[in-house]
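S.K.: Okay, here's the structure, questions in a sec.
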Amino acid sequence: MADTPLLSIRNLSVSFATSRGPFRAVDGVDLDVSSGELVAIVGESGSGKSVAMLAVMGLLPWTATVTADRLAFDGHDMLALSPRERRRIIGRDLAMIFQEPMSSLNPCFTVGFQIGEALKTHLGLDRAERRVRSIELLREVGIPEPERRLKAFPHQLSGGMSQRVMIAMALACRPKLIIADEPTTALDVTIQAQILDLLVRLQRDNGVGLVLITHDMGVVAETAQRVCVHYAGQQVEMQETAGLFRDPHHPYTAALLAALPERASGRILPSIPGVVPGLADRPKGCLFSPRCRFATERCRTVPPPRSGPELGLALCHTPLVGGVPQRRTQAA
Amino acid sequence: MTAPVMEAVELTQTYEVARGFLSAPASVKAVSGISFRLAPRATLAVVGESGSGKSTLARMLTMIEPPGSGALFINGADVAEADAATRRRYRGEVQMVFQNPYGSLNPRQTIGAAIEEPLLVNTSLSSAERRRQALEMMTRVGLRAEHHARYPHMFSGGQRQRIAIARALVLRPKILVLDEPVSALDVSVRAQVLNLLVELQESLDVAYVFVSHDLGVVRHMADDVMVMYLGRAVERGPRDAIFDAPKHPYTRALMSATPIADPGARRERIVLEGELPSPFNPPSGCPFNPRCPLVMERCRAEMPPLERKGGRLVACWAAQDTPGPTPMQRQPAFA
Amino acid sequence: MAERLIDNATTPTLADERVNAADAVDPSGAVLPLEEIAASSVEAVPAERSALAGFWAAFRENRGAVAGLMVVLAIAILAVIAPLVAPHAPTEQFRDFVQTPPVWSEGGSWRFPLGTDAVGRDILSRLIYGARISLGIGVSVMLVSVAVGIVLGLASAFLRGLADTVIMRVMDVITAIPSLVLAILVVAVLGPSLVNTIVAVTVVYLPRYVRIVRAAALAELSKEYVVAARVAGVGTLRLMFVTVLPNCLAPLIVQAALGVSDAILEAAALGFLGLGAQPPTPEWGAMLADSREFIRAAPWIVTLPGLAILITVVAINLMGDGLRDALDPKLRRS
């Protein structure tokens with residue numbers, strides 16, 4: 001099982017046709033996720049972290065062009081599948097949880113109906129079976145009085161409850177992989193803790209793969225086994241969680257961690273100057289070079305190569321070790 | 001002790017909420033009995049989750065709505081007793097920055113017009129003088145003069161928050177209410193804006209009421225912290241006292257629930273059961289009792305008063321008057 | 001229900017986090033860092049189009065709308081320079097040339113390119129002058145009802161309470177009466193004339209503007225920038241007209257453009273019933289009515305004013321649809 005990952009992405013790129021020319025939202029992303037693994041993707045807005053996963057799900061609008069050397073899920077080539085076959089996989093083996101639980105549920109139907117819909121479509125259960133399974137699912141995600149909640153409409157639920165229902169729906173068909181896109185961003189801290197505990201427990205008990213998209217380094221540190229850091233559509237670093245927080249190899253990761261108020265020592269935070277480059281101001285060399293403390297002339301002109309796994313696959317000319325930039329040995 | 005620039009005494013706000021066509025309207029106590037004193041150039045952080053009443057409190061402090069009961073003093077003068085002209089002047093003393101930089105700027109107003117507007121409606125300065133002051137404030141917050149004629153949609157979130165800060169500070173208020181000013185911003189931009197706020201506080205002598213749910217940011221910014229739950233202050237005191245040894249079980253739960261960006265830090269974790277109770281039907285006694293791990297018989301019957309215990313004010317029957325934390329049942333992480 | 005209510009109040013949302021290419025392209029001048037880092041190697045040069053240019057680019061994509069706009073412009077120009085282009089005076093009767101057919105029919109002549117009517121007036125000239133009246137009615141009805149609608153709608157949204165109830169219930173009553181019946185009623189009370197036609201049609205079309213302004217203003221009022229303006233000390237009047245109104249204009253402009261064509265139709269209907277412009281005013285509806293009896297004998301007399309109304313209304317509607325597409329960001333492509 002370890003040699004064939006559940007989800008395997010090689011060189012995934014997504015570009016959008018905008019009125020001012022094509023925009024590359026995702027640029028050459030690689031990712032492997034095995035069963036029972038929890039991988040986090042972190043990045044700021046515009047880093048393409050959500051777009052990459054929506055591309056896997058095939059949920060992008062028509063203005064998007066998706067290319068990849070490989071985009072395989074559970075042995076299926078997602079790019080070659082017909083829309084019909086893809087729909088059969090999505091929702092059953094591959095489920096997604098979104099950021100806004102309130103708007104992800106259809107306000108016109110009861111919770112029971114919406115969970116039942118997935119059960120009917122993918123598993124073909126009859127009414128009584130659907131009801132039993134729905135109650136079982138709601139209990140599993142920690143909703144009190146599941147029999148009564150089945151008849152509830154989404155507006156009668158709080159944000160935390162709605163997100164539990166969304167998780168129950170994602171679990172309905174026992175998926176092999178769950179993609180959670182900022183599942184706790186819209187929730188309060190104490191509710192976030194409940195939902196994260198629930199996700200981690202479900203992931204561990206059921207052995208599903210979980211891709212957690214987030215911008216919150218704290219959430220990453222407390223849940224993930226492995227972390228991918230995205231910047232301006234590129235994957236700039238990938239490491240085991242402990243290693244990433246102990247010794248970040250990409251200057252962006254290092255700067256991002258240093259900018260967290262809880263890790264700061266002084267009154268003034270070491271912030272990253274500038275903003276993420278947009279369509280008009282994309283640098284020629286390394287995309288992070290205009291904001292990077294360690295940038296050299298080469299960084300500004302030559303796109304950086306990918307380092308080896310010992311350096312966190314950092315996309316950098318001078319990856320950091322212990323906070324000190326390393327001269328690259330000219331091997332590549 | 002220096003005289004406070006702002007003092008709140010037992011501020012309470014009750015809303016009538018219509019409940020359908022025939023039933024009588026219900027009343028909701030959004031905020032009850034909030035008191036604090038804010039010293040010049042100090043930062044009071046108000047911490048709470050949604051429904052804690054912190055936004056209602058911010059609206060009362062900025063005089064958008066008058067308090068239902070209680071009093072608000074600015075520079076020692078009671079706001080309720082002021083006549084219209086004086087109240088107008090108080091308005092200039094308290095300004096506000098909002099959470100969402102995309103919603104708090106008028107999309108049809110240029111940056112210059114937005115920053116000059118408070119001067120236009122509150123002062124009789126000439127247009128050249130208004131422009132000069134606006135440009136000066138823009139430089140202070142790190143915007144450039146050529147941004148003056150641009151519209152908000154041309155700016156990123158962090159820059160918009162700078163614009164909102166410039167607009168709030170152009171009248172040189174003594175108090176700035178910041179309602180979740182960085183929670184909509186990315187980490188790298190968040191640090192820039194926090195640094196700006198620190199710097200402006202020092203150079204412009206302004207006191208902050210910093211409303212936030214992010215304890216990392218609060219610990220970085222605050223001098224004093226007030227934790228709110230269901231419209232009440234449950235714990236209030238100096239930052240270090242509260243962060244080093246929180247006494248109220250809710251404060252402790254909030255701190256343990258906040259994720260820490262350090263995978264090595266495995267710590268005691270209190271996962272609260274259930275959710276915020278309905279404010280239409282608040283629990284009897286202590287509002288936190290249905291979720292509290294330390295709940296006792298007394299908590300269900302009597303509301304605990306906000307008492308001085310161990311160097312801060314805390315409203316809890318179980319809290320002890322010792323410098324250390326209140327003992328709690330321990331739970332392993334990810335129970 | 002209550003839980004939800006509270007949740008909504010302060011649910012933090014990450015406005016930045018939208019899976020949207022347009023968002024990712026957010027062009028911006030690089031923020032001036034407060035600390036070190038002076039020379040960033042790329043100085044952001046936003047290739048941002050002005051709002052007007054963006055609007056025109058979106059409008060131009062809709063070919064029907066552009067065609068509509070051109071027709072409307074042509075008619076408007078004709079109406080303005082009517083005395084220069086019309087071959088004859090609109091009320092001059094050529095007794096010798098009664099019911100002359102148009103030039104392409106047998107017996108037509110270039111002297112009267114579109115023929116003459118039952119009393120020998122040149123139809124082309126009457127149509128050109130009629131454009132003045134029809135467009136004039138349409139535009140003035142639109143202007144008056146937009147102005148009144150803005151005031152009533154904003155008052156309703158800002159004052160709430162009794163004022164809101166009274167204004168909106170009156171609007172409900174107006175909408176409850178069939179529009180033509182109401183217009184006839186107003187004209188019957190005031191007497192038939194061109195000005196009274198305008199008044200009548202204005203009353204009929206007022207509710208839609210009031211409703212649009214009120215709905216848009218209510219939506220804007222809940223936004224934070226309005227609270228921000230209040231905190232800054234902005235008074236109610238300035239808040240209404242300077243802060244909120246400009247943000248309500250997009251739907252209003254679309255409705256106003258479409259309202260012109262509705263007003264033209266309504267005025268033509270009144271004219272047709274003899275309650276609008278009185279003879280010999282060359283109003284298109286009245287021209288239709290006058291020539292009803294010749295529909296067999298001289299069909300062009302009745303067809304041509306009808307065609308004029310049709311073309312104008314269709315052109316304005318096409319243009320209005322284009323406006324809607326261009327002004328509504330939801331329909332716009334990223």
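Following the order of the structure tokens, first chain is A, next is B, and so on, with residues numbered from 1 inside each chain and ligands from 1 in the order they appear.
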Only residues of chain B matter here; which ones have an atom within 6 Å of chain C, counting only C-alpha atoms? Give them as an NGL selection string.
M.R.: :B and (50-51 or 103-106 or 118 or 142 or 154-155 or 184 or 278)
S.K.: Write out as a list in words each polymer residue whose atoms come within 7 Å of Ala17 of chain A, counting only C-alpha atoms; drop sequence neighbours fewer than 4 positions from it.
M.R.: Gly21, Pro22, Phe23, Thr63 and Ala64 of chain A
S.K.: What's the 9 Å shell around Ile123 of chain C, counting only C-alpha atoms, without same-chain residues fewer than 3 positions away, as an MDAnalysis selection string?
M.R.: chainID C and resid 90 112:117 120 126:128 301 304:305
S.K.: Each residue of chain A with at least one atom at most 6 Å from chain C should appear once, together with its nearest atom pair and the corresponding distance in Å (one decimal); atoms considered: only C-alpha atoms; ordering: chain, then increasing residue number; output as CSV.
M.R.:
residue,atom,partner,partner_atom,distance
A:Thr18,CA,C:Ser334,CA,5.7
A:Ser45,CA,C:Glu17,CA,5.4
A:Gly46,CA,C:Ala24,CA,4.6
A:Gln156,CA,C:Met1,CA,5.0
A:Ser158,CA,C:Arg4,CA,5.1
A:Ala186,CA,C:Pro12,CA,5.6
A:Pro273,CA,C:Pro33,CA,5.1
A:Gly274,CA,C:Val31,CA,4.9
A:Gly278,CA,C:Val25,CA,4.8
A:Leu279,CA,C:Val25,CA,5.3
A:Asp281,CA,C:Ala44,CA,5.4
A:Pro290,CA,C:Ser40,CA,5.2
S.K.: Please produce, as a tab-separated table, a per-residue contact table for chain B versus chain A (criterion: any atom at most 6 Å away, only C-alpha atoms considered), showing the nearest atom pair and its distance in Å to one decimal, sorted by chain then residue number.
M.R.:
residue	atom	partner	partner_atom	distance
B:Glu49	CA	A:Asp188	CA	5.7
B:Asp186	CA	A:Glu44	CA	5.6
B:Ser188	CA	A:Ile272	CA	5.3
B:Ala191	CA	A:Ser271	CA	5.1
B:Gln192	CA	A:Ser271	CA	5.5
B:Asn195	CA	A:Ile268	CA	5.4
B:Gly216	CA	A:Glu262	CA	5.0
B:Val217	CA	A:Pro261	CA	5.7
B:His220	CA	A:Pro261	CA	5.9
B:Ala257	CA	A:Ala193	CA	5.4
B:Pro259	CA	A:Gly218	CA	4.4
B:Ile260	CA	A:Gly218	CA	4.5
B:Ala261	CA	A:Gly218	CA	3.8
B:Asp262	CA	A:Ala221	CA	5.6
B:Pro263	CA	A:Ala221	CA	4.6
B:Phe334	CA	A:Asp197	CA	5.8
S.K.: Find the distance between atom CA of Pro146 of chain A and atom CA of Thr214 of chain A and write it in Å to one decimal.
M.R.: 29.3 Å
S.K.: When you count only C-alpha atoms, which of these residues is closest to Arg131 of chain A: A:Ala172, A:Pro107, A:Phe16, A:Met238?
M.R.: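 Counting only C-alpha atoms, the residue closest to Arg131 of chain A is A:Ala172.
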S.K.: Figure out the distance between atom CA of His155 of chain A and atom CA of Thr110 of chain A, please, to one decimal in Å.
M.R.: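 Atom CA of His155 of chain A lies 9.7 Å from atom CA of Thr110 of chain A.
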S.K.: Tell me, as a PyMOL selection string, which residues lie within 7 Å of segment 311-322 of chain A, counting only C-alpha atoms; anything in the same chain fewer than 3 positions away does not count.
M.R.: chain A and resi 236-239+247-251+299+304-308+325-328
S.K.: Store the residues picked out above, limited to N, CA, C and O atoms, as an mmCIF file, in the first residue's frame.
M.R.:
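Contents of the output file again00.cif:
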data_model
loop_
_atom_site.group_PDB
_atom_site.id
_atom_site.type_symbol
_atom_site.label_atom_id
_atom_site.label_comp_id
_atom_site.auth_asym_id
_atom_site.auth_seq_id
_atom_site.Cartn_x
_atom_site.Cartn_y
_atom_site.Cartn_z
ATOM 1 N N VAL A 236 6.519 25.495 -2.427
ATOM 2 C CA VAL A 236 7.884 25.917 -2.144
ATOM 3 C C VAL A 236 8.600 24.993 -1.168
ATOM 4 O O VAL A 236 9.815 24.982 -1.101
ATOM 5 N N GLU A 237 7.830 24.231 -0.394
ATOM 6 C CA GLU A 237 8.489 23.329 0.553
ATOM 7 C C GLU A 237 7.536 22.219 0.951
ATOM 8 O O GLU A 237 6.325 22.413 1.011
ATOM 9 N N MET A 238 8.110 21.015 1.218
ATOM 10 C CA MET A 238 7.302 19.924 1.766
ATOM 11 C C MET A 238 8.156 19.164 2.765
ATOM 12 O O MET A 238 9.261 18.735 2.458
ATOM 13 N N GLN A 239 7.619 19.033 3.969
ATOM 14 C CA GLN A 239 8.390 18.369 5.041
ATOM 15 C C GLN A 239 7.450 17.682 6.009
ATOM 16 O O GLN A 239 6.260 17.978 6.045
ATOM 17 N N ASP A 247 13.040 23.366 11.617
ATOM 18 C CA ASP A 247 14.058 23.888 10.721
ATOM 19 C C ASP A 247 13.487 24.077 9.317
ATOM 20 O O ASP A 247 13.658 23.225 8.446
ATOM 21 N N PRO A 248 12.791 25.187 9.088
ATOM 22 C CA PRO A 248 12.235 25.426 7.759
ATOM 23 C C PRO A 248 13.355 25.677 6.750
ATOM 24 O O PRO A 248 14.314 26.384 7.065
ATOM 25 N N HIS A 249 13.237 25.088 5.562
ATOM 26 C CA HIS A 249 14.318 25.212 4.589
ATOM 27 C C HIS A 249 14.081 26.320 3.579
ATOM 28 O O HIS A 249 15.013 26.834 3.001
ATOM 29 N N HIS A 250 12.819 26.668 3.317
ATOM 30 C CA HIS A 250 12.558 27.736 2.362
ATOM 31 C C HIS A 250 12.430 29.062 3.112
ATOM 32 O O HIS A 250 11.781 29.113 4.157
ATOM 33 N N PRO A 251 13.042 30.123 2.596
ATOM 34 C CA PRO A 251 12.965 31.414 3.292
ATOM 35 C C PRO A 251 11.528 31.876 3.541
ATOM 36 O O PRO A 251 11.247 32.526 4.548
ATOM 37 N N CYS A 299 18.641 34.936 -7.825
ATOM 38 C CA CYS A 299 17.259 34.658 -7.451
ATOM 39 C C CYS A 299 16.295 35.497 -8.280
ATOM 40 O O CYS A 299 15.185 35.077 -8.589
ATOM 41 N N PRO A 304 14.297 29.173 -9.507
ATOM 42 C CA PRO A 304 15.075 28.294 -8.633
ATOM 43 C C PRO A 304 14.794 26.816 -8.922
ATOM 44 O O PRO A 304 13.699 26.463 -9.366
ATOM 45 N N PRO A 305 15.783 25.943 -8.665
ATOM 46 C CA PRO A 305 15.575 24.511 -8.821
ATOM 47 C C PRO A 305 14.968 23.908 -7.554
ATOM 48 O O PRO A 305 14.921 24.555 -6.514
ATOM 49 N N ARG A 306 14.494 22.679 -7.665
ATOM 50 C CA ARG A 306 13.922 22.008 -6.505
ATOM 51 C C ARG A 306 15.033 21.274 -5.757
ATOM 52 O O ARG A 306 15.836 20.576 -6.381
ATOM 53 N N SER A 307 15.130 21.443 -4.449
ATOM 54 C CA SER A 307 16.151 20.760 -3.654
ATOM 55 C C SER A 307 15.737 19.321 -3.399
ATOM 56 O O SER A 307 14.598 18.926 -3.673
ATOM 57 N N GLY A 308 16.647 18.578 -2.803
ATOM 58 C CA GLY A 308 16.375 17.188 -2.483
ATOM 59 C C GLY A 308 15.492 17.071 -1.257
ATOM 60 O O GLY A 308 15.220 18.054 -0.578
ATOM 61 N N PRO A 325 21.368 30.532 4.912
ATOM 62 C CA PRO A 325 21.286 30.090 3.519
ATOM 63 C C PRO A 325 22.497 29.252 3.126
ATOM 64 O O PRO A 325 23.625 29.567 3.490
ATOM 65 N N GLN A 326 22.248 28.171 2.394
ATOM 66 C CA GLN A 326 23.318 27.261 1.980
ATOM 67 C C GLN A 326 23.653 27.501 0.525
ATOM 68 O O GLN A 326 22.764 27.590 -0.317
ATOM 69 N N ARG A 327 24.945 27.576 0.261
ATOM 70 C CA ARG A 327 25.385 27.631 -1.130
ATOM 71 C C ARG A 327 25.058 26.295 -1.784
ATOM 72 O O ARG A 327 25.422 25.249 -1.286
ATOM 73 N N ARG A 328 24.361 26.341 -2.894
ATOM 74 C CA ARG A 328 23.982 25.100 -3.561
ATOM 75 C C ARG A 328 25.205 24.471 -4.219
ATOM 76 O O ARG A 328 25.947 25.128 -4.932
#
S.K.: So the first atom is atom CA of Asp30 of chain A and the second is atom CA of His230 of chain A; what is the distance between them in Å, to one decimal place?
M.R.: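 Computing it gives 11.1 Å between the two atoms.
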S.K.: Just want the 7 Å neighbourhood of Met142 of chain C, counted on only C-alpha atoms, with same-chain residues fewer than 6 positions away dropped. Output as number ranges by chain.
M.R.: C: 256, 259-260
S.K.: Can you pull out the residues contacting Thr121 of chain A? Cut-off 10 Å, using only C-alpha atoms, and skip same-chain residues under 5 positions away; I want them as a VMD selection string.
M.R.: chain A and resid 88 91 to 92 116 173
S.K.: Atoms to include: all heavy atoms. Write the selected residues as an mmCIF file, in the first residue's frame.
M.R.:
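Output contents, as saved in again02.cif:
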data_model
loop_
_atom_site.group_PDB
_atom_site.id
_atom_site.type_symbol
_atom_site.label_atom_id
_atom_site.label_comp_id
_atom_site.auth_asym_id
_atom_site.auth_seq_id
_atom_site.Cartn_x
_atom_site.Cartn_y
_atom_site.Cartn_z
ATOM 1 N N ARG A 88 -19.008 9.478 -10.357
ATOM 2 C CA ARG A 88 -19.234 8.286 -9.553
ATOM 3 C C ARG A 88 -18.164 8.165 -8.459
ATOM 4 O O ARG A 88 -18.412 7.644 -7.393
ATOM 5 C CB ARG A 88 -19.236 7.050 -10.451
ATOM 6 C CG ARG A 88 -20.091 5.959 -9.870
ATOM 7 C CD ARG A 88 -20.579 4.986 -10.890
ATOM 8 N NE ARG A 88 -19.542 4.589 -11.813
ATOM 9 C CZ ARG A 88 -19.780 4.246 -13.069
ATOM 10 N NH1 ARG A 88 -20.989 4.257 -13.536
ATOM 11 N NH2 ARG A 88 -18.807 3.884 -13.863
ATOM 12 N N GLY A 91 -17.489 12.028 -4.237
ATOM 13 C CA GLY A 91 -18.621 11.876 -3.347
ATOM 14 C C GLY A 91 -18.647 10.502 -2.729
ATOM 15 O O GLY A 91 -19.125 10.329 -1.625
ATOM 16 N N ARG A 92 -18.121 9.496 -3.454
ATOM 17 C CA ARG A 92 -18.084 8.173 -2.851
ATOM 18 C C ARG A 92 -16.698 7.889 -2.277
ATOM 19 O O ARG A 92 -16.541 7.720 -1.080
ATOM 20 C CB ARG A 92 -18.459 7.095 -3.882
ATOM 21 C CG ARG A 92 -18.821 5.780 -3.219
ATOM 22 C CD ARG A 92 -19.041 4.696 -4.239
ATOM 23 N NE ARG A 92 -17.848 4.476 -5.043
ATOM 24 C CZ ARG A 92 -17.845 3.838 -6.217
ATOM 25 N NH1 ARG A 92 -18.968 3.397 -6.741
ATOM 26 N NH2 ARG A 92 -16.728 3.661 -6.867
ATOM 27 N N GLY A 116 -29.181 11.694 3.047
ATOM 28 C CA GLY A 116 -29.777 10.555 2.340
ATOM 29 C C GLY A 116 -29.519 10.593 0.847
ATOM 30 O O GLY A 116 -29.361 9.561 0.203
ATOM 31 N N CYS A 173 -20.391 7.821 2.378
ATOM 32 C CA CYS A 173 -20.115 6.644 1.550
ATOM 33 C C CYS A 173 -18.754 6.037 1.881
ATOM 34 O O CYS A 173 -18.159 5.368 1.037
ATOM 35 C CB CYS A 173 -20.192 7.020 0.081
ATOM 36 S SG CYS A 173 -21.714 7.840 -0.328
#
S.K.: Assign secondary structure with DSSP using the backbone only, and return the residues of segment 43-80 of chain A in strand (DSSP E) as a list in words.
M.R.: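 Of segment 43-80 of chain A, only Ala64, Thr65, Val66, Thr67, Arg70, Leu71, Ala72, Phe73, His76 and Asp77 of chain A fall in strand (DSSP E).
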S.K.: Considering only C-alpha atoms, return as a list in words whatever protein or nucleic-acid residues lie within 12 Å of Gln201 of chain B, sequence-local ones (same chain, fewer than 5 positions apart) excluded.
M.R.: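 Answer for this query is Arg267 of chain A; Pro40, Arg41, Ala42, Thr43, Arg140, Val141, Ile165, Leu169, Arg172, Pro173, Lys174, Ile175, Leu176, Leu194, Asn195, Leu196, Val206, Ala207, Tyr208, Val209, Met221 and Ala222 of chain B.
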